[in-house]
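J.: Got upload02.cif for you, mmCIF, C-alpha atoms:
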data_coords
#
loop_
_atom_site.label_atom_id
_atom_site.label_comp_id
_atom_site.auth_asym_id
_atom_site.auth_seq_id
_atom_site.Cartn_x
_atom_site.Cartn_y
_atom_site.Cartn_z
CA MET A 6 28.84 -11.80 -4.57
CA THR A 7 28.27 -9.62 -1.54
CA SER A 8 25.60 -10.12 1.04
CA GLN A 9 23.38 -7.20 1.82
CA GLN A 10 20.91 -6.97 4.70
CA ASN A 11 19.61 -10.26 6.04
CA ASN A 12 16.25 -10.98 4.46
CA GLY A 13 15.65 -14.11 6.46
CA GLN A 14 15.63 -17.71 5.42
CA ALA A 15 14.92 -18.93 1.89
CA LEU A 16 13.94 -22.57 1.57
CA LEU A 17 14.38 -24.16 -1.85
CA VAL A 18 12.34 -27.35 -2.22
CA PHE A 19 13.60 -29.49 -5.09
CA GLY A 20 11.67 -32.18 -6.92
CA CYS A 21 12.89 -35.28 -8.71
CA PRO A 22 16.10 -34.44 -10.60
CA GLU A 23 15.03 -36.11 -13.87
CA VAL A 24 14.44 -32.78 -15.67
CA PRO A 25 17.84 -31.22 -16.42
CA VAL A 26 16.98 -27.54 -15.98
CA GLN A 27 16.17 -27.97 -12.31
CA ALA A 28 19.76 -28.23 -11.06
CA ALA A 29 20.98 -25.30 -13.17
CA ILE A 30 18.09 -23.05 -12.17
CA GLY A 31 18.37 -24.16 -8.57
CA LEU A 32 22.03 -23.21 -8.34
CA TYR A 33 21.29 -19.91 -10.06
CA LEU A 34 18.41 -19.14 -7.72
CA ALA A 35 20.39 -20.12 -4.62
CA GLY A 36 23.23 -17.84 -5.66
CA ARG A 37 20.98 -14.89 -6.44
CA LEU A 38 18.99 -15.22 -3.22
CA ALA A 39 22.18 -15.45 -1.16
CA GLY A 40 23.34 -12.31 -2.92
CA ASP A 41 20.09 -10.65 -1.92
CA GLY A 42 20.80 -11.42 1.74
CA TYR A 43 18.87 -14.64 2.29
CA ASP A 44 20.16 -17.60 4.28
CA VAL A 45 19.53 -20.32 1.72
CA VAL A 46 18.50 -23.82 2.76
CA THR A 47 18.22 -26.47 0.07
CA ALA A 48 15.83 -29.39 0.60
CA GLY A 49 15.66 -32.42 -1.64
CA ASN A 50 15.96 -36.17 -1.84
CA PRO A 51 19.44 -37.74 -1.72
CA SER A 52 19.80 -37.73 -5.52
CA VAL A 53 19.05 -34.03 -5.85
CA LEU A 54 21.34 -33.07 -3.02
CA GLY A 55 24.08 -35.25 -4.47
CA LEU A 56 23.82 -33.55 -7.84
CA LEU A 57 23.92 -30.10 -6.31
CA ARG A 58 26.84 -30.90 -4.00
CA VAL A 59 28.91 -32.28 -6.85
CA SER A 60 28.14 -29.22 -9.00
CA ASP A 61 28.90 -26.78 -6.19
CA ILE A 62 31.99 -28.32 -4.66
CA LYS A 63 32.93 -25.25 -2.62
CA LYS A 64 29.32 -24.60 -1.59
CA HIS A 65 29.29 -21.15 -3.10
CA TYR A 66 25.61 -21.40 -3.94
CA ILE A 67 23.50 -24.07 -2.32
CA GLY A 68 23.99 -23.11 1.34
CA LYS A 69 22.80 -25.58 3.94
CA THR A 70 21.17 -28.78 2.76
CA VAL A 71 18.51 -30.94 4.38
CA ASP A 72 16.77 -34.16 3.43
CA LEU A 73 13.32 -33.38 2.09
CA ASP A 74 11.36 -35.73 4.37
CA ARG A 75 13.25 -34.46 7.39
CA CYS A 76 12.60 -30.87 6.33
CA ILE A 77 8.85 -31.47 6.03
CA GLY A 78 8.82 -33.07 9.45
CA GLU A 79 10.72 -30.21 11.06
CA ILE A 80 8.39 -27.63 9.52
CA ALA A 81 5.31 -29.59 10.59
CA GLU A 82 6.69 -29.77 14.13
CA LYS A 83 7.49 -26.02 14.09
CA LYS A 84 11.23 -26.66 14.41
CA ARG A 85 11.97 -24.98 11.09
CA ASP A 86 10.57 -21.88 9.42
CA ALA A 87 11.16 -19.87 6.25
CA ASP A 88 10.42 -16.37 5.05
CA LEU A 89 10.58 -17.36 1.42
CA CYS A 90 9.86 -20.80 0.01
CA VAL A 91 10.51 -21.75 -3.60
CA VAL A 92 9.16 -25.10 -4.78
CA PHE A 93 10.24 -26.76 -8.03
CA ALA A 94 7.41 -28.74 -9.63
CA HIS A 95 7.47 -30.74 -12.83
CA ASN A 96 5.03 -33.48 -11.83
CA ASP A 97 1.99 -34.05 -9.67
CA ALA A 98 4.17 -34.75 -6.65
CA GLY A 99 5.75 -31.31 -6.99
CA ILE A 100 2.32 -29.68 -6.83
CA SER A 101 1.51 -31.75 -3.74
CA TYR A 102 4.71 -30.54 -2.08
CA ALA A 103 3.91 -26.94 -3.02
CA ALA A 104 0.37 -27.22 -1.60
CA SER A 105 1.81 -28.70 1.58
CA MET A 106 4.31 -25.85 1.93
CA ARG A 107 1.50 -23.31 1.45
CA TYR A 108 -0.37 -24.93 4.32
CA LEU A 109 2.67 -25.40 6.57
CA LEU A 110 4.21 -21.95 5.95
CA PRO A 111 1.17 -19.67 5.74
CA GLU A 112 3.16 -16.50 6.35
CA ALA A 113 5.96 -17.20 3.90
CA ARG A 114 6.25 -15.85 0.39
CA LEU A 115 5.69 -18.91 -1.79
CA VAL A 116 6.97 -19.10 -5.35
CA VAL A 117 6.23 -22.24 -7.37
CA ILE A 118 8.44 -22.86 -10.40
CA VAL A 119 6.49 -25.11 -12.75
CA PHE A 120 8.53 -26.55 -15.60
CA GLY A 121 8.87 -29.57 -17.85
CA ARG A 122 6.74 -30.77 -20.75
CA SER A 123 3.47 -30.65 -18.79
CA ALA A 124 4.12 -27.28 -17.16
CA GLU A 125 0.91 -25.55 -18.23
CA GLU A 126 -1.32 -28.48 -17.32
CA LEU A 127 0.35 -28.78 -13.92
CA ALA A 128 0.09 -25.07 -13.25
CA GLY A 129 -3.66 -25.37 -13.83
CA GLN A 130 -3.85 -27.63 -10.77
CA ILE A 131 -2.57 -24.88 -8.47
CA GLU A 132 -5.54 -23.55 -6.54
CA PHE A 133 -3.69 -22.10 -3.54
CA PRO A 134 -2.20 -18.61 -3.14
CA CYS A 135 1.32 -18.34 -4.52
CA GLU A 136 3.42 -16.69 -7.19
CA LYS A 137 4.08 -18.87 -10.23
CA VAL A 138 6.72 -19.11 -12.91
CA VAL A 139 5.48 -21.46 -15.64
CA GLU A 140 7.63 -22.54 -18.57
CA LYS A 141 7.86 -25.72 -20.64
CA ALA A 142 11.59 -25.84 -20.03
CA VAL A 143 13.31 -29.23 -20.04
CA HIS A 144 16.90 -28.74 -21.21
CA ASN A 145 17.20 -25.02 -21.88
CA PRO A 146 16.88 -22.84 -18.78
CA GLY A 147 16.84 -19.51 -20.66
CA LYS A 148 13.13 -18.70 -20.60
CA LEU A 149 12.70 -20.08 -17.12
CA LYS A 150 15.48 -17.82 -15.89
CA ILE A 151 13.76 -14.82 -17.45
CA GLY A 152 10.53 -15.64 -15.65
CA ILE A 153 12.34 -16.08 -12.34
CA ASP A 154 14.21 -12.82 -12.82
CA GLU A 155 10.90 -11.04 -13.34
CA VAL A 156 9.30 -12.52 -10.21
CA PHE A 157 12.29 -11.59 -8.05
CA GLY A 158 12.92 -8.21 -9.67
CA TRP A 159 16.28 -9.17 -11.15
CA HIS A 160 15.45 -8.70 -14.81
CA ALA A 161 16.95 -5.22 -15.07
CA SER A 162 20.32 -6.36 -13.72
CA THR A 163 20.76 -9.51 -15.75
CA ASN A 164 20.18 -8.36 -19.32
CA MET B 2 8.25 -45.42 15.87
CA ALA B 3 7.72 -47.68 12.86
CA CYS B 4 8.81 -46.74 9.38
CA ILE B 5 6.09 -47.12 6.74
CA ASP B 6 8.53 -48.83 4.40
CA GLU B 7 9.07 -51.53 7.03
CA LEU B 8 5.35 -52.27 7.38
CA ASN B 9 5.22 -54.14 4.06
CA PRO B 10 2.66 -51.75 2.55
CA GLU B 11 0.13 -53.02 0.05
CA VAL B 12 0.23 -50.67 -2.93
CA LEU B 13 -3.30 -49.85 -4.14
CA LEU B 14 -2.30 -47.14 -6.63
CA ARG B 15 1.13 -46.48 -8.05
CA GLY B 16 2.37 -43.24 -9.62
CA ALA B 17 -1.08 -41.74 -9.28
CA SER B 18 -2.12 -38.15 -9.03
CA PHE B 19 -3.08 -36.83 -5.66
CA ALA B 20 -6.68 -36.40 -6.80
CA GLU B 21 -6.88 -40.05 -7.90
CA CYS B 22 -5.70 -41.19 -4.48
CA ARG B 23 -8.26 -39.07 -2.68
CA ALA B 24 -11.03 -40.32 -4.96
CA LEU B 25 -10.16 -43.97 -4.32
CA VAL B 26 -9.96 -43.51 -0.54
CA GLU B 27 -13.41 -41.94 -0.58
CA LYS B 28 -14.76 -44.68 -2.84
CA ARG B 29 -13.39 -47.79 -1.14
CA CYS B 30 -13.23 -46.87 2.56
CA ARG B 31 -16.38 -46.66 4.64
CA GLU B 32 -14.43 -44.85 7.36
CA VAL B 33 -12.68 -41.75 5.97
CA TYR B 34 -10.88 -39.04 7.91
CA TYR B 35 -9.47 -35.78 6.64
CA VAL B 36 -6.18 -34.38 7.89
CA ASP B 37 -3.89 -31.54 6.86
CA PRO B 38 -0.43 -31.70 5.26
CA GLY B 39 2.23 -32.52 7.82
CA TYR B 40 0.00 -34.89 9.80
CA ALA B 41 2.24 -37.74 10.91
CA ILE B 42 1.35 -41.40 10.54
CA PHE B 43 4.12 -43.50 12.03
CA ASP B 44 7.27 -41.66 10.94
CA THR B 45 5.79 -40.12 7.80
CA HIS B 46 4.44 -36.61 7.51
CA LEU B 47 1.73 -36.61 4.85
CA ILE B 48 2.12 -34.50 1.74
CA GLY B 49 -0.70 -33.31 -0.43
CA VAL B 50 -3.36 -30.82 -1.30
CA PRO B 51 -5.43 -30.25 1.85
CA PRO B 52 -7.55 -31.78 3.13
CA ILE B 53 -5.92 -35.19 2.73
CA ALA B 54 -8.27 -38.17 2.80
CA VAL B 55 -7.09 -41.14 4.89
CA GLY B 56 -9.14 -44.30 5.20
CA VAL B 57 -9.54 -46.89 7.92
CA GLU B 58 -10.32 -50.51 7.03
CA GLU B 59 -10.67 -52.40 10.28
CA THR B 60 -7.10 -52.42 11.66
CA PHE B 61 -5.52 -51.02 8.47
CA ILE B 62 -4.93 -47.46 7.32
CA VAL B 63 -5.17 -46.40 3.67
CA LEU B 64 -3.10 -43.31 3.00
CA PRO B 65 -1.38 -41.39 0.19
CA TYR B 66 2.40 -41.57 0.23
CA THR B 67 4.23 -39.08 -1.96
CA LYS B 68 7.79 -39.40 -3.24
CA PRO B 69 9.30 -36.73 -5.50
CA CYS B 70 10.36 -39.10 -8.28
CA TYR B 71 7.49 -41.58 -8.26
CA GLY B 72 4.45 -39.45 -7.61
CA THR B 73 1.87 -40.48 -5.10
CA PHE B 74 1.18 -44.04 -4.03
CA LEU B 75 -1.96 -45.08 -2.26
CA ILE B 76 -0.89 -47.64 0.31
CA ARG B 77 -2.57 -49.85 2.91
CA VAL B 78 -0.63 -50.60 6.08
CA PRO B 79 -1.36 -52.15 9.47
CA GLY B 80 -2.54 -49.18 11.52
CA GLY B 81 -1.80 -50.20 15.09
CA GLU B 82 -2.24 -47.31 17.50
CA GLU B 83 -2.41 -44.88 14.58
CA VAL B 84 -6.01 -45.97 13.89
CA GLU B 85 -7.29 -44.64 17.20
CA ARG B 86 -5.18 -41.50 16.93
CA LEU B 87 -6.63 -40.86 13.49
CA ARG B 88 -10.15 -41.33 14.81
CA ARG B 89 -9.43 -38.77 17.53
CA LYS B 90 -7.57 -36.20 15.42
CA GLY B 91 -9.02 -36.59 11.94
CA ARG B 92 -12.10 -34.78 10.67
CA ARG B 93 -15.04 -36.71 9.25
CA ARG B 94 -15.72 -34.05 6.61
CA PRO B 95 -13.29 -32.38 4.16
#
Please render this file's structure as structure tokens.

T.:
Amino acid sequence: MTSQQNNGQALLVFGCPEVPVQAAIGLYLAGRLAGDGYDVVTAGNPSVLGLLRVSDIKKHYIGKTVDLDRCIGEIAEKKRDADLCVVFAHNDAGISYAASMRYLLPEARLVVIVFGRSAEELAGQIEFPCEKVVEKAVHNPGKLKIGIDEVFGWHASTN
Amino acid sequence: MACIDELNPEVLLRGASFAECRALVEKRCREVYYVDPGYAIFDTHLIGVPPIAVGVEETFIVLPYTKPCYGTFLIRVPGGEEVERLRRKGRRRP
């Protein structure tokens, strides 16, 4: 994987790790964004970060990590910024985090990945400007990956 | 600065949606203030769909508290100096 021009900072905001596809898609997304020249920062609760660190022992993909509450605080206090923010949402809390990121990072590109069994219902709650990838994925990340590839313009290179 | 977890919060709603929390704050609290995501109460920056409704009940604050795995709780905590700060910084209308 070779880095190209620096595209700025990409912040990945992870939700609760109870839905299996999240970790796989998160590692994939982190790797692809790093390959596109982003400095990737991964934010999540201790369980999410633990899962990702164990899966990515040499830190090829996840980049820097930060506790989610600390990350929110730093952004609110203008100590942290992002050019791209991707929020994973499979429950109401995920939508609340995404809405908060929209408010706190008004200039950033915001992509909300809505997944899990209630994906379509949850996506209907999004009333703020963002790009969305919506898929009822729980265990199989295939369709979710296709949607993400389309949003980021990777579909042609991953077939 | 106090940690909300250490204030022995009374849980009014558990695992609720954000909309349910806002509705209950507006229903039960005579004194309601609206703040934006990131507003800090004690050591906690609030999460939610703006504007976020926060209630005052005498010396207590009623606020939504979101955790990724458990959804949003509506909690009631002793407000201390945060009550006056909320009255100064919060908006009375959404």

J.: Give the residues of chain B that lie within 10 Å of chain A; count all atoms listed in the file, and format the answer as number ranges by chain.

T.: B: 16-20, 37-41, 44-52, 66-73

J.: Using the chain letters and numbering of this document, enumerate as a PDB file with C-alpha atoms, keeping the file's coordinate frame the residues selected by the PyMOL selection byres ((chain B and resi 80) around 8).

T.:
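Generated file (selection-v7.pdb):
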ATOM      1  CA  THR B  60      -7.100 -52.420  11.660  1.00  0.00           C
ATOM      2  CA  PHE B  61      -5.520 -51.020   8.470  1.00  0.00           C
ATOM      3  CA  ILE B  62      -4.930 -47.460   7.320  1.00  0.00           C
ATOM      4  CA  VAL B  78      -0.630 -50.600   6.080  1.00  0.00           C
ATOM      5  CA  PRO B  79      -1.360 -52.150   9.470  1.00  0.00           C
ATOM      6  CA  GLY B  81      -1.800 -50.200  15.090  1.00  0.00           C
ATOM      7  CA  GLU B  82      -2.240 -47.310  17.500  1.00  0.00           C
ATOM      8  CA  GLU B  83      -2.410 -44.880  14.580  1.00  0.00           C
ATOM      9  CA  VAL B  84      -6.010 -45.970  13.890  1.00  0.00           C
TER      10      VAL B  84
END

J.: Calculated over only C-alpha atoms, which of the candidates A:Gln10, A:Trp159, A:Val117, A:Gly68 has the smallest distance to A:Gly42?

T.: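 Looking only at the distances to A:Gly42, the closest residue turns out to be A:Gln10.
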
J.: For atom CA of A:Val26 and atom CA of A:Gln130, quote the distance in Å rounded to one decimal.

T.: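 Spanning atom CA of A:Val26 to atom CA of A:Gln130 is a straight-line distance of 21.5 Å.
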
J.: With the PyMOL selection byres ((chain A and resi 12) around 12) as the selection, what would be picked from this file? Answer as a VMD selection string, please.

T.: chain A and resid 8 to 11 13 to 15 38 to 45 87 to 89 114

J.: Identify which of the residues B:Val33, B:Val57, B:Val63, B:Ile5 lies closest to B:Pro95, counting all atoms listed in the file when measuring atom-to-atom distances.

T.: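 Answer, going by the shortest atom-to-atom distance: B:Val33.
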
J.: What is the distance between atom CA of B:Tyr34 and atom CA of B:Leu8, in Å to one decimal?

T.: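 A separation of 20.9 Å between them.
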
J.: Write out as a list in words each polymer residue whose atoms come within 10 Å of A:Leu34, counting only C-alpha atoms; drop sequence neighbours fewer than 2 positions from it.

T.: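 Answer for this query is Leu17, Ala28, Ala29, Ile30, Gly31, Leu32, Gly36, Arg37, Leu38, Ala39, Gly40, Val45, Tyr66, Ile67, Val91, Lys150, Ile153, Asp154 and Phe157 of chain A.
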
J.: So, with all atoms listed in the file as the atoms that count, which of B:Pro65, B:Leu75, B:Leu14, B:Leu87 lies closest to B:Glu32?

T.: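 Residue with the minimum atom-to-atom distance to B:Glu32: B:Leu87.
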
J.: Each side padded by 5 Å, which centre and which edge lengths in Å (one decimal) define the axis-aligned box around the listed atoms of stretch 79-91 of chain A? Give them as AutoDock Vina command-line options.

T.:
--center_x 8.6 --center_y -23.3 --center_z 5.4 --size_x 16.7 --size_y 23.8 --size_z 28.0

J.: Atom CA of A:Pro25 and atom CA of A:Gly158, how far apart in Å?

T.: 24.5 Å

J.: Between B:Arg92, B:Arg31, B:Arg77, B:Arg23, single out the one closest to B:Asn9, counting only C-alpha atoms.

T.: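 For B:Asn9, the nearest of the given residues is B:Arg77.
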